[in-house]
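To start, the structure itself, in structure tokens.
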Amino acid sequence: MKILRLALLELLRRPKKNLVIASSIVIAVALLTSLSIVSNSANLAIMEIIAKTGHTLTVRPAVTSAGTNPEEKNQEYKLTTSEVVLGSYIPEAAVPEIMKYYDKAIKEGWEKKGGLVSNPGIPETSLEPATWAPRLFEKAEVDGQEVIVTGIEIRKEYFVRFWWNLTSGDWPAETDVRDVNTNVSTLYTIGSDGKVTIDKTEYGVDSSGRLIAAQDKTGKAAPILKGWDDAYLGGAYAKAKGLKLGDKLTINKSEFTIRGVLEETNSADDYMVFIPLSTAQKLFNKEGQISMVSVRAMCPNCPVGDAMVELNKHVTGITAVSQLDVAGVQFDFFNMLYKFLLAVIVSTIAVGIFSIFNIVTGSLYARIREIGMLKAIGASRFQLFRIFIYEHFILGLAAGICGYVLGLGMAYILNTLLDTGAVIRITTDFLWRALILGIVCSLVAIIYPAYKLSKLKITETFRTQWEG
Amino acid sequence: MDKNNSTPFLELREVNKTFSLASGQVTALEHISLTIEKGELVALVGPSGSGKTTLLNIIGSLDRPSKGEVILEGIRIDMLSEEDLVHFRREKFSFIFQDAKPLRMLNVLENTLLPFNFFKPKNRNGNIKDEGIEIIKSLGLGHRIYHMPSQLSGGEIQRVAIARALITHPAMILADEPTANLDRDNRLFVIDTFRKLSKEKDIAVVFSTHDLEVANRADRIVHLKDGVFLKDEIISCNPCRV
């Protein structure tokens, strides 16, 4: 304890010099901490996307059909990501063809992988039909502000994006699925009498395969349109606008009622407004058109890559993208960036430690007579070594804490600059790493000179003084 | 002097010390034989390079002789291991240096008690802090107990070094040019304090000096020149020549 106190007092005795040493360590720790936090957060976000959408294929229009105005084109390009497609469309009628190739490719790929024959670990029954969900993206004026409004078939969307959860509201009940453009045979079994029973209620199916009210007394079956003005909000959008369940929303002068608010998913969905696809098509005058289709394979280890290749080969006007591949590219990019920055930072730290080593060595040798005096009054070599180690342990610890705090701030800035789209996640691991790095940097610089000095004979420390 | 004991307190027998330098071997001490008794105040006198400091180092076990023997209370201290020497020095010796800078971040009392940061005081009945204060007061620094070294004069700093040397109850104090940077009053105060300590506490005090006025207040003056023993002069009526 007494030696620790001496070390602490010694440390406080040279505030300027120690501040210079500590600053170098603080910068090193801050750089590494911020980089680690950003990289970890970005990787976690990507991993989550991979975990969620690993077996999802996105089918998009092959070429953008944005306007001719360069500024508009540029804007469209910016908004056209793997998650959002603006200004380009696929005819809705092409979906059955897309699904046909998809199913065929999955089945063949599955058999090729031995899923049915040679791989007993993947039972035949696990091959289930894919589920698909179309989307129509349009920029629209929502309560006076431009927002991306997405037309979706809500229950299909929910089924494909199984990670969706509501923070408030309810999903539409089965009977509320009144999508006039959906062929009900893909969702329900049509009885021999040509009717569908959903929750003990009978519905008819018209010649286009659409669900109609079976009890229509006029004898002229009309599509059931209940729920056409439902709106679901992305979590971040609802939070930003202070909107809640039951509130009204005006999209391009039509009024909608908020039926649910989604939990945030760290994706573009968080900032969107969702309305029924058929409503969106009518509202935006895009009837029979969609912006993309998400296809979720319903078997583990489905050969989605095979399906992607087949679709891109056989169906014109579309591009199929595996979300796994997109996430993988992002993952590789961030890993490469991380490694590059890490190399730069480690080189900087190495140079920094060398500078600290020089300052520390100079500082210690300036104390050489004091060291001799301490030895002469009874300090052992080990006790002196402990004083130096304690001094630099405390210095490294303090620098580690400061570096960690600075690193946190820098992580937010770096995350914004790199535009990772990830939410910064901080765990205690980063604090421990920062403290260890600070202490190690500080100790690495001191150990050799401390060892050398504590080993000096008393007469050697006083040679310059005791020249009799 | 312990006249009743046939074994001297400290004895140097035929001590030689050579240093290996790039230019070759340099002899610092040659055939030095010397005895010092408890309670003696001994001055080492000689020109620069005469070997005073080397002799002090060897007496205080800070350095080992190249040849010869150093015996303290019957123990060959030149044969002890480094680890044993650390413990031996803690018990037997205190050192006062010419440039006796105390630690700047400690006050006078803390500097006095500094040795006990490294080892525990032995055979003490009273409070060690009280004893430190008593020693500081006895050296005329009662008003400076909690002052920092930066607030002290050169003479006061040397007294702090003496206080630090006394707190461990050494058998011997070794001082290298303890009065070199002091004015006459402080020089005489330091040497008179040594004299008083040697007589009252039966401590052997050996110091080096160039100053004959200071040397003449010792019991003995050992003259050295070029590492060779010149003369061992006993001052019988000290301080009659001052």
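Identifiers in the structure tokens: chain A, B, ... in order shown; residue index from 1 per chain; ligand index from 1 in order shown.
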### Task
Name the residues of segment 33-171 of chain B that come out as strand (DSSP E) in a backbone DSSP run; write them as a PyMOL selection string.
chain B and resi 33-36+41-45+67-72+75-76+93-96
### Message
Please find the residues of chain A near chain B - the criterion being any atom within 12 Å, counting only C-alpha atoms - and write them as an MDAnalysis selection string.
### Response
chainID A and resid 1:14 367 369:384 386:387 455:468
### Task
Write out as a PyMOL selection string each polymer residue whose atoms come within 12 Å of Glu37 of chain B, counting only C-alpha atoms; drop sequence neighbours fewer than 6 positions from it.
chain B and resi 1-12+71-73+171-172+198-199+202-206+219-220
### Query
DSSP on the backbone: what in segment 8-205 of chain B comes out alpha helix (DSSP H), as a PyMOL selection string?
chain B and resi 52-59+82-92+108-112+128-138+154-166+184-200
Quick one: residues within 12 Å of Val26 of chain B, only C-alpha atoms counted, chain neighbours fewer than 6 positions away excluded, as a CSV table (one decimal) with C-alpha atoms, in the first residue's frame?
```
chain,number,residue,atom,x,y,z
B,16,ASN,CA,42.0,-2.9,-3.0
B,17,LYS,CA,39.6,-1.6,-5.6
B,18,THR,CA,40.2,-1.5,-9.3
B,19,PHE,CA,37.8,-0.4,-12.0
B,20,SER,CA,37.8,-1.7,-15.6
B,49,GLY,CA,40.2,11.3,-7.1
B,51,GLY,CA,39.4,7.4,-3.3
B,66,SER,CA,38.4,-6.2,-5.7
B,226,ASP,CA,45.7,8.5,-5.1
B,227,GLY,CA,43.9,5.6,-3.4
```
Contacts of segment 169-172 of chain A within 9 Å, only C-alpha atoms, excl. fewer than 6 positions in-chain, as an mmCIF file with C-alpha atoms, in the first residue's frame:
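Written output follows (result.cif):
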```
data_model
loop_
_atom_site.group_PDB
_atom_site.id
_atom_site.type_symbol
_atom_site.label_atom_id
_atom_site.label_comp_id
_atom_site.auth_asym_id
_atom_site.auth_seq_id
_atom_site.Cartn_x
_atom_site.Cartn_y
_atom_site.Cartn_z
ATOM 1 C CA ILE A 154 -50.059 -7.799 -45.174
ATOM 2 C CA ARG A 155 -50.423 -11.448 -44.155
ATOM 3 C CA TYR A 158 -45.817 -11.102 -42.343
ATOM 4 C CA GLY A 227 -59.522 -3.094 -44.616
ATOM 5 C CA TYR A 232 -48.983 -0.129 -40.604
ATOM 6 C CA LEU A 245 -52.564 3.088 -33.013
ATOM 7 C CA GLY A 246 -55.895 4.443 -34.283
ATOM 8 C CA ILE A 258 -53.086 3.117 -38.244
ATOM 9 C CA ARG A 259 -53.763 -0.526 -37.378
ATOM 10 C CA GLY A 260 -50.321 -1.423 -36.107
ATOM 11 C CA VAL A 261 -46.803 -0.193 -35.391
ATOM 12 C CA LEU A 262 -43.890 -2.469 -36.171
#
```
